[in-house]
>>> print(open('work.cif').read())   # mmCIF, N, CA and C atoms
data_my_file
loop_
_atom_site.label_atom_id
_atom_site.label_comp_id
_atom_site.auth_asym_id
_atom_site.auth_seq_id
_atom_site.Cartn_x
_atom_site.Cartn_y
_atom_site.Cartn_z
N MET A 2 108.12 107.95 92.52
CA MET A 2 109.23 107.13 92.08
C MET A 2 108.82 106.45 90.77
N ALA A 3 109.46 106.81 89.71
CA ALA A 3 109.14 106.22 88.41
C ALA A 3 110.03 105.01 88.16
N GLN A 4 109.66 104.29 87.14
CA GLN A 4 110.44 103.10 86.81
C GLN A 4 111.78 103.52 86.24
N THR A 5 112.84 103.13 86.92
CA THR A 5 114.18 103.49 86.48
C THR A 5 115.02 102.26 86.16
N VAL A 6 114.44 101.07 86.32
CA VAL A 6 115.19 99.83 86.14
C VAL A 6 114.57 99.05 84.99
N CYS A 7 115.42 98.55 84.14
CA CYS A 7 114.98 97.66 83.06
C CYS A 7 115.35 96.24 83.47
N VAL A 8 114.36 95.40 83.69
CA VAL A 8 114.59 94.04 84.18
C VAL A 8 114.89 93.13 83.00
N THR A 9 116.11 92.56 82.98
CA THR A 9 116.50 91.60 81.95
C THR A 9 117.14 90.40 82.63
N PRO A 10 116.34 89.45 83.10
CA PRO A 10 116.91 88.28 83.77
C PRO A 10 117.58 87.33 82.78
N SER A 11 118.57 86.62 83.26
CA SER A 11 119.26 85.63 82.43
C SER A 11 118.37 84.39 82.30
N ALA A 12 118.80 83.46 81.45
CA ALA A 12 118.03 82.23 81.26
C ALA A 12 117.97 81.42 82.55
N ALA A 13 119.07 81.40 83.29
CA ALA A 13 119.09 80.67 84.56
C ALA A 13 118.14 81.31 85.57
N ASP A 14 118.14 82.64 85.61
CA ASP A 14 117.22 83.34 86.52
C ASP A 14 115.77 83.11 86.12
N LEU A 15 115.49 83.12 84.83
CA LEU A 15 114.12 82.86 84.38
C LEU A 15 113.66 81.48 84.80
N ALA A 16 114.53 80.50 84.67
CA ALA A 16 114.17 79.13 85.08
C ALA A 16 113.94 79.07 86.59
N TYR A 17 114.81 79.72 87.34
CA TYR A 17 114.69 79.71 88.80
C TYR A 17 113.41 80.42 89.24
N LEU A 18 113.12 81.58 88.63
CA LEU A 18 111.90 82.32 88.98
C LEU A 18 110.65 81.54 88.60
N SER A 19 110.68 80.85 87.46
CA SER A 19 109.54 80.03 87.06
C SER A 19 109.34 78.87 88.04
N ALA A 20 110.43 78.32 88.53
CA ALA A 20 110.33 77.24 89.52
C ALA A 20 109.74 77.76 90.82
N ILE A 21 110.10 78.97 91.20
CA ILE A 21 109.55 79.56 92.43
C ILE A 21 108.05 79.77 92.28
N VAL A 22 107.62 80.29 91.13
CA VAL A 22 106.19 80.54 90.91
C VAL A 22 105.41 79.23 90.90
N ALA A 23 106.00 78.16 90.36
CA ALA A 23 105.30 76.88 90.27
C ALA A 23 105.31 76.10 91.59
N ASP A 24 106.18 76.45 92.50
CA ASP A 24 106.31 75.72 93.78
C ASP A 24 105.19 76.15 94.72
N ARG A 25 104.30 75.21 95.04
CA ARG A 25 103.16 75.53 95.90
C ARG A 25 103.52 75.56 97.37
N ALA A 26 104.71 75.08 97.71
CA ALA A 26 105.13 75.07 99.12
C ALA A 26 105.83 76.37 99.52
N ARG A 27 106.10 77.21 98.55
CA ARG A 27 106.77 78.49 98.83
C ARG A 27 105.84 79.46 99.51
N PRO A 28 106.38 80.40 100.28
CA PRO A 28 105.54 81.48 100.81
C PRO A 28 104.98 82.33 99.68
N LEU A 29 103.78 82.85 99.89
CA LEU A 29 103.11 83.62 98.85
C LEU A 29 103.91 84.86 98.46
N LYS A 30 104.60 85.46 99.42
CA LYS A 30 105.37 86.67 99.09
C LYS A 30 106.50 86.36 98.11
N HIS A 31 107.12 85.18 98.21
CA HIS A 31 108.17 84.82 97.27
C HIS A 31 107.59 84.62 95.87
N ILE A 32 106.44 83.95 95.81
CA ILE A 32 105.80 83.71 94.52
C ILE A 32 105.38 85.03 93.88
N GLN A 33 104.85 85.93 94.67
CA GLN A 33 104.41 87.22 94.15
C GLN A 33 105.59 88.04 93.62
N ARG A 34 106.68 88.04 94.36
CA ARG A 34 107.87 88.79 93.92
C ARG A 34 108.45 88.21 92.64
N ALA A 35 108.50 86.87 92.55
CA ALA A 35 109.03 86.22 91.35
C ALA A 35 108.11 86.51 90.16
N ARG A 36 106.81 86.51 90.40
CA ARG A 36 105.86 86.80 89.33
C ARG A 36 106.03 88.23 88.83
N ILE A 37 106.31 89.17 89.73
CA ILE A 37 106.54 90.56 89.33
C ILE A 37 107.73 90.65 88.39
N VAL A 38 108.81 89.97 88.73
CA VAL A 38 110.01 90.03 87.88
C VAL A 38 109.76 89.34 86.55
N LEU A 39 109.06 88.20 86.58
CA LEU A 39 108.77 87.50 85.32
C LEU A 39 107.88 88.34 84.39
N LEU A 40 106.88 88.98 84.95
CA LEU A 40 106.02 89.84 84.13
C LEU A 40 106.78 91.06 83.63
N SER A 41 107.68 91.59 84.45
CA SER A 41 108.50 92.73 84.02
C SER A 41 109.44 92.33 82.90
N ALA A 42 109.90 91.08 82.92
CA ALA A 42 110.81 90.61 81.86
C ALA A 42 110.09 90.50 80.51
N GLU A 43 108.77 90.40 80.54
CA GLU A 43 108.00 90.33 79.29
C GLU A 43 107.74 91.72 78.70
N ARG A 44 108.34 92.75 79.30
CA ARG A 44 108.24 94.14 78.85
C ARG A 44 106.82 94.68 78.94
N LEU A 45 106.09 94.26 79.96
CA LEU A 45 104.77 94.83 80.20
C LEU A 45 104.95 96.15 80.94
N SER A 46 103.95 97.00 80.86
CA SER A 46 104.02 98.26 81.59
C SER A 46 103.88 97.99 83.08
N VAL A 47 104.30 98.94 83.88
CA VAL A 47 104.24 98.79 85.34
C VAL A 47 102.80 98.60 85.78
N LEU A 48 101.88 99.32 85.17
CA LEU A 48 100.48 99.20 85.54
C LEU A 48 99.95 97.80 85.24
N ASP A 49 100.33 97.25 84.09
CA ASP A 49 99.89 95.89 83.74
C ASP A 49 100.50 94.86 84.69
N VAL A 50 101.77 95.02 85.01
CA VAL A 50 102.42 94.10 85.95
C VAL A 50 101.72 94.18 87.31
N ALA A 51 101.43 95.38 87.76
CA ALA A 51 100.78 95.55 89.06
C ALA A 51 99.40 94.92 89.07
N GLN A 52 98.64 95.09 87.99
CA GLN A 52 97.30 94.51 87.93
C GLN A 52 97.35 92.99 87.88
N GLN A 53 98.25 92.44 87.08
CA GLN A 53 98.32 90.98 86.95
C GLN A 53 98.88 90.32 88.20
N ALA A 54 99.79 91.00 88.89
CA ALA A 54 100.37 90.44 90.11
C ALA A 54 99.52 90.74 91.34
N GLY A 55 98.60 91.69 91.22
CA GLY A 55 97.74 92.03 92.34
C GLY A 55 98.43 92.87 93.40
N VAL A 56 99.34 93.75 92.97
CA VAL A 56 100.07 94.62 93.89
C VAL A 56 99.98 96.05 93.39
N SER A 57 100.56 96.97 94.13
CA SER A 57 100.57 98.37 93.72
C SER A 57 101.78 98.66 92.83
N ARG A 58 101.74 99.80 92.16
CA ARG A 58 102.88 100.19 91.31
C ARG A 58 104.16 100.40 92.10
N PRO A 59 104.11 101.05 93.28
CA PRO A 59 105.35 101.17 94.06
C PRO A 59 105.94 99.82 94.46
N ALA A 60 105.08 98.83 94.68
CA ALA A 60 105.59 97.49 95.00
C ALA A 60 106.33 96.91 93.80
N VAL A 61 105.80 97.14 92.60
CA VAL A 61 106.47 96.66 91.39
C VAL A 61 107.84 97.33 91.26
N TRP A 62 107.87 98.65 91.47
CA TRP A 62 109.14 99.36 91.38
C TRP A 62 110.12 98.84 92.42
N ARG A 63 109.64 98.61 93.64
CA ARG A 63 110.51 98.15 94.73
C ARG A 63 111.16 96.81 94.38
N TRP A 64 110.36 95.86 93.88
CA TRP A 64 110.92 94.53 93.62
C TRP A 64 111.74 94.50 92.34
N GLN A 65 111.44 95.36 91.38
CA GLN A 65 112.32 95.48 90.22
C GLN A 65 113.68 96.02 90.64
N GLN A 66 113.67 97.02 91.49
CA GLN A 66 114.91 97.61 91.99
C GLN A 66 115.71 96.59 92.78
N ARG A 67 115.04 95.86 93.67
CA ARG A 67 115.73 94.87 94.50
C ARG A 67 116.32 93.77 93.64
N TYR A 68 115.59 93.33 92.59
CA TYR A 68 116.12 92.30 91.70
C TYR A 68 117.35 92.83 90.96
N ALA A 69 117.30 94.08 90.51
CA ALA A 69 118.43 94.65 89.79
C ALA A 69 119.66 94.76 90.69
N GLU A 70 119.45 95.04 91.98
CA GLU A 70 120.58 95.20 92.89
C GLU A 70 121.13 93.88 93.41
N GLU A 71 120.22 92.95 93.78
CA GLU A 71 120.66 91.75 94.49
C GLU A 71 120.34 90.44 93.79
N GLY A 72 119.63 90.49 92.69
CA GLY A 72 119.29 89.26 91.98
C GLY A 72 118.13 88.52 92.64
N VAL A 73 118.01 87.24 92.30
CA VAL A 73 116.90 86.43 92.80
C VAL A 73 116.97 86.29 94.31
N GLU A 74 118.16 86.18 94.87
CA GLU A 74 118.29 86.02 96.33
C GLU A 74 117.75 87.24 97.07
N GLY A 75 117.81 88.41 96.47
CA GLY A 75 117.26 89.61 97.10
C GLY A 75 115.74 89.56 97.19
N LEU A 76 115.10 88.79 96.29
CA LEU A 76 113.65 88.65 96.34
C LEU A 76 113.21 87.69 97.44
N LEU A 77 114.08 86.78 97.84
CA LEU A 77 113.70 85.71 98.76
C LEU A 77 113.92 86.04 100.22
N ARG A 78 114.48 87.20 100.49
CA ARG A 78 114.66 87.56 101.90
C ARG A 78 114.21 89.00 102.10
N ASP A 79 113.67 89.24 103.29
CA ASP A 79 113.21 90.58 103.64
C ASP A 79 114.37 91.37 104.22
N LYS A 80 114.30 92.68 104.06
CA LYS A 80 115.31 93.53 104.68
C LYS A 80 115.04 93.59 106.18
N THR A 81 116.10 93.73 106.95
CA THR A 81 115.93 93.82 108.39
C THR A 81 115.45 95.20 108.77
N ARG A 82 114.70 95.25 109.86
CA ARG A 82 114.19 96.52 110.35
C ARG A 82 114.73 96.75 111.75
N PRO A 83 114.87 97.98 112.13
CA PRO A 83 115.34 98.23 113.49
C PRO A 83 114.29 97.80 114.50
N PRO A 84 114.72 97.36 115.68
CA PRO A 84 113.74 96.93 116.68
C PRO A 84 112.94 98.11 117.20
N GLY A 85 111.85 97.81 117.88
CA GLY A 85 110.99 98.85 118.43
C GLY A 85 111.64 99.54 119.61
N LYS A 86 110.82 100.16 120.42
CA LYS A 86 111.35 100.87 121.57
C LYS A 86 111.97 99.88 122.55
N PRO A 87 113.07 100.25 123.18
CA PRO A 87 113.66 99.34 124.16
C PRO A 87 112.78 99.28 125.41
N PRO A 88 112.82 98.18 126.14
CA PRO A 88 112.02 98.09 127.36
C PRO A 88 112.53 99.07 128.40
N HIS A 89 111.71 99.31 129.40
CA HIS A 89 112.09 100.25 130.44
C HIS A 89 113.27 99.71 131.24
N ALA A 90 114.04 100.63 131.78
CA ALA A 90 115.21 100.25 132.58
C ALA A 90 114.74 99.53 133.84
N THR A 91 115.64 98.72 134.39
CA THR A 91 115.29 97.96 135.59
C THR A 91 115.02 98.89 136.77
N ASP A 92 115.65 100.05 136.79
CA ASP A 92 115.38 101.01 137.86
C ASP A 92 113.92 101.50 137.82
N THR A 93 113.43 101.75 136.61
CA THR A 93 112.05 102.20 136.46
C THR A 93 111.08 101.10 136.88
N VAL A 94 111.36 99.87 136.45
CA VAL A 94 110.50 98.74 136.82
C VAL A 94 110.51 98.55 138.33
N ALA A 95 111.69 98.65 138.94
CA ALA A 95 111.79 98.49 140.40
C ALA A 95 111.02 99.60 141.11
N GLU A 96 111.06 100.82 140.57
CA GLU A 96 110.33 101.92 141.18
C GLU A 96 108.82 101.69 141.10
N VAL A 97 108.35 101.20 139.95
CA VAL A 97 106.93 100.92 139.80
C VAL A 97 106.50 99.83 140.79
N LEU A 98 107.32 98.78 140.92
CA LEU A 98 106.97 97.69 141.84
C LEU A 98 106.99 98.17 143.29
N ALA A 99 107.96 98.98 143.63
CA ALA A 99 108.05 99.48 145.01
C ALA A 99 106.87 100.37 145.34
N LEU A 100 106.52 101.26 144.43
CA LEU A 100 105.38 102.14 144.68
C LEU A 100 104.07 101.36 144.73
N THR A 101 103.94 100.34 143.89
CA THR A 101 102.72 99.55 143.88
C THR A 101 102.50 98.86 145.22
N CYS A 102 103.57 98.37 145.82
CA CYS A 102 103.47 97.65 147.08
C CYS A 102 103.45 98.58 148.30
N SER A 103 103.64 99.87 148.10
CA SER A 103 103.62 100.81 149.22
C SER A 103 102.25 101.47 149.31
N GLU A 104 102.08 102.26 150.33
CA GLU A 104 100.82 102.98 150.53
C GLU A 104 100.72 104.13 149.52
N PRO A 105 99.57 104.31 148.94
CA PRO A 105 99.40 105.42 148.00
C PRO A 105 99.24 106.74 148.74
N PRO A 106 99.51 107.86 148.09
CA PRO A 106 99.37 109.15 148.75
C PRO A 106 97.90 109.53 148.91
N GLY A 107 97.63 110.29 149.92
CA GLY A 107 96.26 110.76 150.14
C GLY A 107 95.39 109.71 150.79
N GLU A 108 94.10 109.85 150.61
CA GLU A 108 93.16 108.95 151.26
C GLU A 108 92.57 107.97 150.25
N VAL A 109 93.41 107.34 149.49
CA VAL A 109 92.96 106.33 148.54
C VAL A 109 93.38 104.96 149.04
N THR A 110 92.69 103.94 148.61
CA THR A 110 92.96 102.59 149.11
C THR A 110 94.06 101.88 148.35
N HIS A 111 94.26 102.23 147.11
CA HIS A 111 95.27 101.55 146.30
C HIS A 111 95.74 102.47 145.17
N TRP A 112 96.87 102.10 144.59
CA TRP A 112 97.40 102.85 143.46
C TRP A 112 96.55 102.56 142.23
N THR A 113 96.23 103.57 141.49
CA THR A 113 95.62 103.38 140.17
C THR A 113 96.75 103.43 139.14
N GLY A 114 96.48 102.87 138.00
CA GLY A 114 97.49 102.87 136.95
C GLY A 114 97.88 104.27 136.52
N ARG A 115 96.89 105.13 136.38
CA ARG A 115 97.16 106.50 135.94
C ARG A 115 97.97 107.28 136.97
N ALA A 116 97.61 107.10 138.24
CA ALA A 116 98.33 107.81 139.30
C ALA A 116 99.78 107.34 139.37
N LEU A 117 99.98 106.03 139.25
CA LEU A 117 101.34 105.49 139.30
C LEU A 117 102.15 105.93 138.07
N ALA A 118 101.50 105.93 136.92
CA ALA A 118 102.19 106.37 135.70
C ALA A 118 102.62 107.82 135.81
N GLN A 119 101.77 108.65 136.39
CA GLN A 119 102.11 110.06 136.55
C GLN A 119 103.22 110.23 137.58
N ALA A 120 103.20 109.42 138.65
CA ALA A 120 104.22 109.54 139.69
C ALA A 120 105.59 109.12 139.18
N VAL A 121 105.63 108.08 138.35
CA VAL A 121 106.91 107.56 137.85
C VAL A 121 107.35 108.31 136.59
N GLY A 122 106.40 108.77 135.80
CA GLY A 122 106.74 109.49 134.58
C GLY A 122 106.78 108.61 133.35
N ILE A 123 105.99 107.54 133.35
CA ILE A 123 105.89 106.66 132.18
C ILE A 123 104.42 106.58 131.78
N SER A 124 104.13 105.85 130.73
CA SER A 124 102.75 105.77 130.26
C SER A 124 101.94 104.77 131.07
N LEU A 125 100.63 104.92 130.98
CA LEU A 125 99.71 104.00 131.67
C LEU A 125 99.91 102.58 131.16
N ARG A 126 100.06 102.43 129.86
CA ARG A 126 100.22 101.09 129.28
C ARG A 126 101.50 100.43 129.77
N SER A 127 102.55 101.21 129.99
CA SER A 127 103.79 100.64 130.51
C SER A 127 103.59 100.12 131.93
N VAL A 128 102.86 100.88 132.74
CA VAL A 128 102.56 100.43 134.10
C VAL A 128 101.74 99.14 134.05
N GLN A 129 100.76 99.09 133.15
CA GLN A 129 99.94 97.88 133.03
C GLN A 129 100.76 96.68 132.59
N ARG A 130 101.72 96.89 131.69
CA ARG A 130 102.57 95.78 131.26
C ARG A 130 103.45 95.27 132.40
N ILE A 131 103.99 96.19 133.18
CA ILE A 131 104.83 95.80 134.32
C ILE A 131 104.00 95.03 135.33
N TRP A 132 102.79 95.52 135.63
CA TRP A 132 101.92 94.82 136.57
C TRP A 132 101.58 93.44 136.05
N ASP A 133 101.29 93.34 134.76
CA ASP A 133 100.94 92.05 134.17
C ASP A 133 102.11 91.08 134.22
N ALA A 134 103.31 91.58 133.95
CA ALA A 134 104.49 90.72 133.96
C ALA A 134 104.80 90.19 135.35
N HIS A 135 104.46 90.97 136.38
CA HIS A 135 104.75 90.56 137.76
C HIS A 135 103.50 90.08 138.50
N ARG A 136 102.42 89.90 137.75
CA ARG A 136 101.16 89.39 138.29
C ARG A 136 100.65 90.22 139.47
N LEU A 137 100.72 91.52 139.33
CA LEU A 137 100.22 92.42 140.37
C LEU A 137 98.84 92.93 139.99
N GLN A 138 97.96 92.95 140.97
CA GLN A 138 96.62 93.49 140.77
C GLN A 138 96.28 94.34 141.99
N PRO A 139 96.78 95.57 142.02
CA PRO A 139 96.61 96.38 143.22
C PRO A 139 95.16 96.76 143.52
N HIS A 140 94.28 96.63 142.55
CA HIS A 140 92.87 96.94 142.78
C HIS A 140 92.16 95.80 143.50
N ARG A 141 92.82 94.65 143.61
CA ARG A 141 92.22 93.51 144.30
C ARG A 141 92.89 93.29 145.63
N VAL A 142 92.45 94.00 146.64
CA VAL A 142 92.99 93.82 147.99
C VAL A 142 91.93 93.15 148.84
N ARG A 143 92.38 92.34 149.80
CA ARG A 143 91.44 91.59 150.62
C ARG A 143 90.83 92.42 151.72
N SER A 144 91.55 93.43 152.20
CA SER A 144 91.04 94.19 153.34
C SER A 144 90.55 95.56 152.87
N PHE A 145 89.68 96.15 153.68
CA PHE A 145 89.18 97.48 153.39
C PHE A 145 89.84 98.45 154.34
N LYS A 146 90.67 99.31 153.81
CA LYS A 146 91.40 100.33 154.58
C LYS A 146 92.14 99.69 155.72
#
>>> encode(input="work.cif", output="structure tokens")
Amino acid sequence: MAQTVCVTPSAADLAYLSAIVADRARPLKHIQRARIVLLSAERLSVLDVAQQAGVSRPAVWRWQQRYAEEGVEGLLRDKTRPPGKPPHATDTVAEVLALTCSEPPGEVTHWTGRALAQAVGISLRSVQRIWDAHRLQPHRVRSFK
């Protein structure tokens, strides 16, 4: 991605960006983004802007583009990201809990995480999270067989 945006901030934007850079109470990411735009306004090369701001060239291109599209307000907020994986359905959680509290197959004394994960069809880490959320420790039983 090459530089396709020519940054020409207005006098009001220059004053606002300078105030952001001078404000020590601001988050560092806001100061860094404002500094990128201010250095770009001085017609420095992308490499020089990146070196002086302490960021990569793609970061310079990204914030120049965002400033051109949304102005100073676009520099002060992050774009939203989609959430991660949704949690398991309540049916799956109920099945894990029911199997954990029941007798395991074969001649074993308790369910292991791997065996339960394979029986239900989810990952070992998911079984561990469910056990942790419900304070279950099937490996700690008081009686022997």
>>> resolve_selection(input="work.cif", expression="the PyMOL selection byres (((chain A and resi 115-122 and name CA) around 9) and name CA)", output="VMD selection string")
chain A and resid 93 96 to 97 100 to 101 105 112 to 114 123 to 128
>>> residues_around(input="work.cif", residues="segment 54-57 of chain A", least_positions_apart="5", cutoff="8 Å", atoms="only C-alpha atoms", output="PyMOL selection string")
chain A and resi 33+36-37
>>> select_by_dssp(input="work.cif", residues="segment 19-135 of chain A", states="alpha helix (DSSP H)", output="VMD selection string")
chain A and resid 19 to 23 29 to 42 47 to 54 58 to 71 73 to 76 91 to 102 114 to 121 125 to 134
>>> resolve_selection(input="work.cif", expression="the PyMOL selection byres (((chain A and resi 8-18 and name CA) around 6) and name CA)", output="count of residues only")
6
>>> closest_residue(input="work.cif", among="A:Val73, A:Arg25, A:Pro59, A:Val94", to="Leu39 of chain A", atoms="only C-alpha atoms")
A:Val73
>>> atom_distance(input="work.cif", atom1="atom CA of Asp133 of chain A", atom2="atom N of Ser103 of chain A")
16.2 Å
